[in-house]
$ cat target_37.txt   # compact mmCIF, C-alpha atoms
# COMPACT_ATOMS: atom_id res chain seq x y z
CA MET V 1 -40.29 -17.03 -51.96
CA VAL V 2 -38.76 -14.88 -49.24
CA ASN V 3 -40.75 -11.92 -50.56
CA ALA V 4 -44.11 -13.63 -50.19
CA ILE V 5 -46.50 -12.15 -47.67
CA GLY V 6 -46.60 -13.82 -44.29
CA HIS V 7 -43.48 -15.86 -44.94
CA ARG V 8 -42.52 -16.10 -41.27
CA THR V 9 -46.08 -17.07 -40.34
CA TRP V 10 -46.03 -19.71 -43.07
CA LEU V 11 -42.79 -21.14 -41.67
CA GLU V 12 -44.25 -21.29 -38.17
CA LEU V 13 -47.49 -22.91 -39.28
CA LYS V 14 -45.61 -25.40 -41.46
CA ARG V 15 -43.49 -26.37 -38.48
CA ARG V 16 -46.51 -27.29 -36.35
CA SER V 17 -48.73 -28.66 -39.12
CA ARG V 18 -49.84 -32.21 -39.68
CA PRO V 19 -49.01 -33.48 -43.17
CA ILE V 20 -51.61 -34.56 -45.69
CA ASP V 21 -50.19 -37.61 -47.44
CA GLU V 22 -51.58 -39.38 -50.49
CA ALA V 23 -53.73 -41.71 -48.43
CA SER V 24 -55.20 -38.77 -46.53
CA LEU V 25 -55.90 -36.87 -49.75
CA ARG V 26 -57.70 -39.89 -51.17
CA ALA V 27 -59.77 -40.12 -48.00
CA LEU V 28 -60.67 -36.43 -48.36
CA SER V 29 -61.86 -36.90 -51.93
CA PRO V 30 -63.99 -35.95 -53.72
CA ILE V 31 -62.73 -32.45 -52.98
CA LEU V 32 -64.84 -29.32 -53.42
CA VAL V 33 -63.11 -25.92 -53.48
CA LEU V 34 -65.22 -22.79 -53.01
CA SER V 35 -63.18 -19.85 -54.30
CA PRO V 36 -64.22 -16.23 -53.68
CA HIS V 37 -62.76 -14.97 -56.97
CA GLN V 38 -61.13 -16.27 -60.09
CA ASP V 39 -57.46 -16.51 -59.00
CA ASP V 40 -57.99 -17.41 -55.33
CA GLU V 41 -58.23 -21.07 -56.33
CA THR V 42 -54.62 -20.96 -57.51
CA LEU V 43 -53.23 -18.67 -54.83
CA GLY V 44 -54.92 -20.46 -51.93
CA CYS V 45 -55.01 -24.12 -52.83
CA GLY V 46 -53.66 -24.64 -56.32
CA GLY V 47 -51.38 -27.30 -54.93
CA VAL V 48 -54.17 -29.45 -53.57
CA ILE V 49 -56.16 -29.06 -56.80
CA ALA V 50 -53.19 -30.03 -58.97
CA THR V 51 -52.15 -32.91 -56.71
CA ALA V 52 -55.65 -34.35 -56.50
CA SER V 53 -55.99 -34.05 -60.27
CA ARG V 54 -52.69 -35.87 -60.83
CA LEU V 55 -53.93 -38.71 -58.63
CA GLY V 56 -57.13 -38.98 -60.65
CA LEU V 57 -59.29 -37.78 -57.75
CA ARG V 58 -61.25 -35.25 -59.86
CA PRO V 59 -61.51 -32.18 -57.61
CA ARG V 60 -64.33 -29.71 -58.28
CA VAL V 61 -64.19 -25.92 -58.02
CA ALA V 62 -66.98 -23.38 -57.52
CA PHE V 63 -66.45 -19.64 -57.87
CA LEU V 64 -68.58 -17.37 -55.73
CA THR V 65 -68.28 -13.98 -57.49
CA ASP V 66 -68.04 -12.86 -61.11
CA GLY V 67 -64.86 -10.81 -60.53
CA SER V 68 -66.32 -7.78 -62.29
CA ALA V 69 -65.19 -5.16 -59.76
CA SER V 70 -61.43 -5.52 -60.11
CA HIS V 71 -61.19 -2.68 -62.67
CA GLU V 72 -63.84 -0.04 -62.15
CA GLY V 73 -64.60 2.77 -64.57
CA SER V 74 -62.99 1.19 -67.62
CA PRO V 75 -64.73 2.29 -70.85
CA ALA V 76 -63.22 -0.61 -72.79
CA TRP V 77 -63.84 -3.20 -70.10
CA PRO V 78 -67.33 -2.73 -68.62
CA PRO V 79 -68.38 -5.20 -65.89
CA ALA V 80 -70.03 -7.68 -68.27
CA ARG V 81 -66.95 -7.97 -70.47
CA LEU V 82 -64.63 -8.24 -67.50
CA ALA V 83 -66.78 -10.95 -65.87
CA ALA V 84 -66.85 -12.99 -69.09
CA THR V 85 -63.10 -12.65 -69.51
CA ARG V 86 -62.39 -13.65 -65.93
CA ARG V 87 -64.57 -16.73 -66.39
CA GLY V 88 -62.45 -17.72 -69.38
CA GLU V 89 -59.27 -17.08 -67.39
CA ALA V 90 -60.53 -19.30 -64.59
CA LEU V 91 -61.29 -22.15 -66.97
CA ALA V 92 -57.82 -21.82 -68.51
CA ALA V 93 -56.17 -21.82 -65.07
CA LEU V 94 -58.13 -24.86 -63.95
CA ALA V 95 -57.19 -26.69 -67.14
CA VAL V 96 -53.53 -26.17 -66.20
CA LEU V 97 -54.27 -27.55 -62.74
CA GLY V 98 -56.07 -30.56 -64.22
CA VAL V 99 -59.73 -29.58 -63.82
CA GLY V 100 -62.13 -29.61 -66.78
CA PRO V 101 -65.05 -27.23 -67.33
CA GLU V 102 -67.53 -29.95 -66.42
CA ASP V 103 -66.13 -29.86 -62.87
CA CYS V 104 -66.47 -26.11 -62.43
CA LEU V 105 -69.43 -24.00 -61.27
CA PHE V 106 -69.84 -20.21 -61.47
CA LEU V 107 -72.27 -18.78 -58.93
CA ASP V 108 -71.94 -15.24 -60.34
CA TRP V 109 -72.45 -13.08 -57.28
CA SER V 110 -71.64 -9.43 -57.91
CA ASP V 111 -68.00 -8.89 -57.04
CA ALA V 112 -67.48 -7.09 -53.70
CA SER V 113 -71.23 -7.08 -52.99
CA PRO V 114 -71.97 -10.26 -51.01
CA LEU V 115 -75.57 -11.24 -50.45
CA ALA V 116 -77.10 -11.04 -46.98
CA HIS V 117 -78.14 -14.34 -45.45
CA ASP V 118 -81.81 -13.29 -45.36
CA ASP V 119 -81.79 -12.39 -49.06
CA PRO V 120 -83.82 -14.93 -51.07
CA ALA V 121 -81.01 -14.93 -53.61
CA TYR V 122 -78.68 -16.29 -50.93
CA ALA V 123 -80.99 -19.26 -50.39
CA ARG V 124 -81.14 -19.86 -54.13
CA THR V 125 -77.34 -19.85 -54.30
CA LEU V 126 -77.11 -22.36 -51.49
CA ASP V 127 -79.72 -24.57 -53.17
CA ARG V 128 -77.86 -24.42 -56.48
CA LEU V 129 -74.48 -25.19 -54.92
CA ALA V 130 -75.88 -27.99 -52.78
CA GLY V 131 -77.72 -29.53 -55.72
CA TRP V 132 -74.59 -29.47 -57.88
CA ALA V 133 -72.35 -30.86 -55.14
CA ALA V 134 -74.81 -33.61 -54.21
CA GLY V 135 -74.09 -35.12 -57.62
CA PHE V 136 -70.55 -36.06 -56.57
CA ALA V 137 -70.91 -36.16 -52.75
CA PRO V 138 -67.76 -34.30 -51.65
CA ARG V 139 -65.93 -35.62 -48.63
CA SER V 140 -64.08 -32.37 -47.97
CA LEU V 141 -64.79 -28.68 -48.52
CA TRP V 142 -62.03 -26.07 -48.96
CA SER V 143 -62.78 -22.35 -48.77
CA SER V 144 -61.19 -19.06 -47.79
CA TRP V 145 -60.28 -18.31 -44.19
CA ARG V 146 -63.24 -16.84 -42.33
CA GLU V 147 -61.14 -13.99 -40.91
CA GLU V 148 -59.68 -12.69 -44.16
CA ALA V 149 -59.96 -8.94 -44.63
CA HIS V 150 -62.13 -9.10 -47.74
CA CYS V 151 -65.91 -9.27 -47.78
CA ASP V 152 -66.08 -11.87 -50.55
CA HIS V 153 -63.60 -14.14 -48.78
CA VAL V 154 -65.67 -13.96 -45.61
CA ALA V 155 -68.83 -14.62 -47.62
CA ALA V 156 -67.29 -17.73 -49.21
CA SER V 157 -66.42 -19.06 -45.77
CA GLU V 158 -69.95 -18.42 -44.50
CA LEU V 159 -71.53 -20.07 -47.52
CA ALA V 160 -69.23 -23.05 -47.02
CA ALA V 161 -70.40 -23.37 -43.43
CA ASP V 162 -74.04 -23.37 -44.54
CA LEU V 163 -73.29 -25.94 -47.23
CA VAL V 164 -71.87 -28.34 -44.66
CA GLY V 165 -75.28 -28.40 -42.98
CA ARG V 166 -76.86 -29.46 -46.26
CA LEU V 167 -74.42 -32.17 -47.34
CA PRO V 168 -73.83 -35.02 -44.88
CA SER V 169 -71.11 -36.40 -47.16
CA ILE V 170 -68.74 -33.61 -46.05
CA THR V 171 -66.61 -34.87 -43.18
CA ALA V 172 -63.78 -32.30 -43.23
CA CYS V 173 -63.61 -28.55 -43.84
CA MET V 174 -60.39 -26.71 -44.60
CA GLU V 175 -59.71 -23.00 -44.97
CA PHE V 176 -56.93 -21.55 -47.11
CA LEU V 177 -55.21 -18.19 -46.74
CA VAL V 178 -54.74 -15.52 -49.39
CA TRP V 179 -54.83 -12.04 -47.90
CA GLY V 180 -54.96 -13.69 -44.48
CA TRP V 181 -51.20 -14.18 -44.54
CA LYS V 182 -50.97 -10.55 -43.44
CA ALA V 183 -52.65 -11.39 -40.12
CA ARG V 184 -50.66 -11.51 -36.91
CA ARG V 185 -49.38 -14.96 -36.10
CA ALA V 186 -51.19 -14.91 -32.75
CA ARG V 187 -54.52 -15.15 -34.60
CA PHE V 188 -53.66 -18.71 -35.60
CA ASP V 189 -52.89 -19.92 -32.09
CA GLY V 190 -54.85 -23.00 -31.11
CA LYS V 191 -56.00 -23.77 -34.65
CA ALA V 192 -55.53 -27.20 -36.20
CA VAL V 193 -53.09 -26.81 -39.08
CA TRP V 194 -52.57 -29.14 -42.04
CA SER V 195 -49.99 -29.02 -44.81
CA LEU V 196 -49.54 -30.53 -48.24
CA ALA V 197 -46.07 -30.96 -49.71
CA CYS V 198 -46.57 -29.95 -53.33
CA ALA V 199 -43.24 -28.67 -54.66
CA ASP V 200 -43.89 -30.64 -57.84
CA THR V 201 -46.88 -28.36 -58.60
CA VAL V 202 -45.04 -25.02 -58.39
CA ALA V 203 -44.55 -24.70 -62.16
CA ARG V 204 -48.19 -25.53 -62.82
CA ARG V 205 -49.40 -23.10 -60.18
CA ARG V 206 -47.29 -20.33 -61.70
CA GLU V 207 -48.65 -21.17 -65.14
CA ALA V 208 -52.21 -21.25 -63.82
CA LEU V 209 -51.84 -17.88 -62.13
CA ALA V 210 -50.46 -16.38 -65.34
CA CYS V 211 -53.76 -17.35 -67.02
CA HIS V 212 -55.43 -14.64 -64.94
CA ARG V 213 -54.12 -11.91 -67.25
CA THR V 214 -56.63 -9.27 -66.12
CA GLN V 215 -55.24 -9.61 -62.61
CA MET V 216 -51.57 -10.22 -63.39
CA THR V 217 -50.81 -7.71 -66.17
CA ASP V 218 -51.62 -4.22 -67.41
CA LEU V 219 -54.04 -5.64 -69.97
CA ILE V 220 -56.68 -3.16 -68.76
CA ASP V 221 -55.08 0.27 -68.81
CA ASP V 222 -58.06 2.65 -68.81
CA ALA V 223 -59.72 1.86 -65.48
CA ARG V 224 -60.38 4.49 -62.85
CA THR V 225 -59.32 2.02 -60.17
CA ALA V 226 -57.37 -1.06 -61.17
CA PHE V 227 -56.31 -4.11 -59.20
CA ARG V 228 -53.19 -6.09 -59.98
CA ILE V 229 -51.91 -9.01 -57.93
CA PRO V 230 -48.75 -7.74 -56.25
CA PRO V 231 -45.57 -9.80 -56.68
CA ALA V 232 -45.48 -10.68 -52.97
CA LEU V 233 -48.95 -12.23 -53.26
CA ALA V 234 -48.23 -13.96 -56.55
CA ALA V 235 -45.20 -15.54 -54.85
CA LEU V 236 -47.58 -17.73 -52.84
CA THR V 237 -47.47 -20.08 -55.82
CA ASP V 238 -43.73 -20.57 -55.20
CA ARG V 239 -44.25 -22.18 -51.81
CA PRO V 240 -43.44 -25.90 -51.84
CA VAL V 241 -45.94 -26.56 -49.06
CA GLU V 242 -49.52 -25.33 -48.83
CA ILE V 243 -51.07 -24.64 -45.42
CA TYR V 244 -54.71 -25.09 -44.42
CA LEU V 245 -56.64 -24.43 -41.24
CA GLU V 246 -59.16 -27.05 -40.21
CA VAL V 247 -62.63 -25.84 -39.29
CA PRO V 248 -63.74 -27.46 -36.02

$ encode --input "target_37.txt" --output "structure tokens"
Amino acid sequence: MVNAIGHRTWLELKRRSRPIDEASLRALSPILVLSPHQDDETLGCGGVIATASRLGLRPRVAFLTDGSASHEGSPAWPPARLAATRRGEALAALAVLGVGPEDCLFLDWSDASPLAHDDPAYARTLDRLAGWAAGFAPRSLWSSWREEAHCDHVAASELAADLVGRLPSITACMEFLVWGWKARRARFDGKAVWSLACADTVARRREALACHRTQMTDLIDDARTAFRIPPALAALTDRPVEIYLEVP
């Protein structure tokens, strides 16, 4: 765990965080997680997904992008094949965390090409997500930190903000960090911080992350540019406490 990115920041935020206990988690349920890519759900809030599942609270997860840009220029793995494989990996990871396919939604935006807010396709996405979520009336919405240095992570946060305006059932919004752990600690000053003690989910989070084989291994070895989750990022699943920033 000491090799995980932002470890000192994590320690500082954990120290000043307010704990989410079982009663609080029940009050925040149903939970809806909006994940930028297939793997962010495990890295950012796998603990809350697994814990809510164990308590029978039936969390739901929506994926914004199709993940097809992680390995560009691969003859054997063109975008359509990679997107289909990453969808299967996501379903396998969620099964480990306790979420069934009936509680998962794929919005299929092109990876690394977020839609503009004035694009009609953006409105259709928001309508689709809102219509799906209205069926279970989520009390809380969890998405990526709005200041993360990745366009899809920012887009997920923005879509989450627009969804809140459409669903009056949502009473709390939380943001999780993935790449954001590299940010300077000063950027978190003044933010409301929450934490979930979830050491009992570490093994499941590790297993779930391992399901993302395209991102965790050299399965694809002919790509012009290839992404692989670095060990320091993968080590986020080792943390016994997950940290979230509350959206005002």

$ closest_residue --input "target_37.txt" --among "V:Cys211, V:Leu57, V:Ala27, V:Ile5" --to "V:Arg139" --atoms "only C-alpha atoms"
V:Ala27

$ closest_residue --input "target_37.txt" --among "V:Ala83, V:Ala161, V:Ile31, V:Leu167" --to "V:Asp103" --atoms "all atoms listed in the file"
V:Ile31

$ axis_aligned_box --input "target_37.txt" --around "stretch 9-21 of chain V" --padding-each-side "3 Å" --output "JSON"
{"center_x": -47.2, "center_y": -27.3, "center_z": -41.9, "size_x": 14.8, "size_y": 26.5, "size_z": 17.1}

$ closest_residue --input "target_37.txt" --among "V:Ile49, V:Ile243, V:Ala149, V:Met174" --to "V:Leu196" --atoms "all atoms listed in the file"
V:Ile243

$ atom_distance --input "target_37.txt" --atom1 "atom CA of V:Ser24" --atom2 "atom CA of V:Glu147"
26.1 Å

$ closest_residue --input "target_37.txt" --among "V:Glu102, V:Asp39, V:Glu242, V:Asp162" --to "V:His7" --atoms "all atoms listed in the file"
V:Glu242

$ atom_distance --input "target_37.txt" --atom1 "atom CA of V:Cys104" --atom2 "atom CA of V:Ile220"
25.7 Å

$ residues_around --input "target_37.txt" --residues "V:Arg18" --least-positions-apart "4" --cutoff "12 Å" --atoms "all atoms listed in the file" --output "list in words"
Leu13, Lys14, Ser24, Lys191, Ala192, Val193, Trp194, Ser195, Leu196, Ala197, Val241, Glu242, Ile243, Tyr244, Leu245 and Glu246 of chain V

$ closest_residue --input "target_37.txt" --among "V:Ser53, V:Thr9, V:Ser74, V:Thr225" --to "V:Leu97" --atoms "all atoms listed in the file"
V:Ser53

$ closest_residue --input "target_37.txt" --among "V:Thr171, V:Thr51, V:Ser110, V:Thr217" --to "V:Ser68" --atoms "only C-alpha atoms"
V:Ser110

$ residues_near_point --input "target_37.txt" --point "(-74.3, -27.1, -52.6)" --cutoff "10 Å" --atoms "only C-alpha atoms" --output "PyMOL selection string"
chain V and resi 32+62+125-135+137-138+159-160+162-167

$ residues_around --input "target_37.txt" --residues "V:Arg146" --least-positions-apart "5" --cutoff "9 Å" --atoms "all atoms listed in the file" --output "number ranges by chain"
V: 153-158, 175
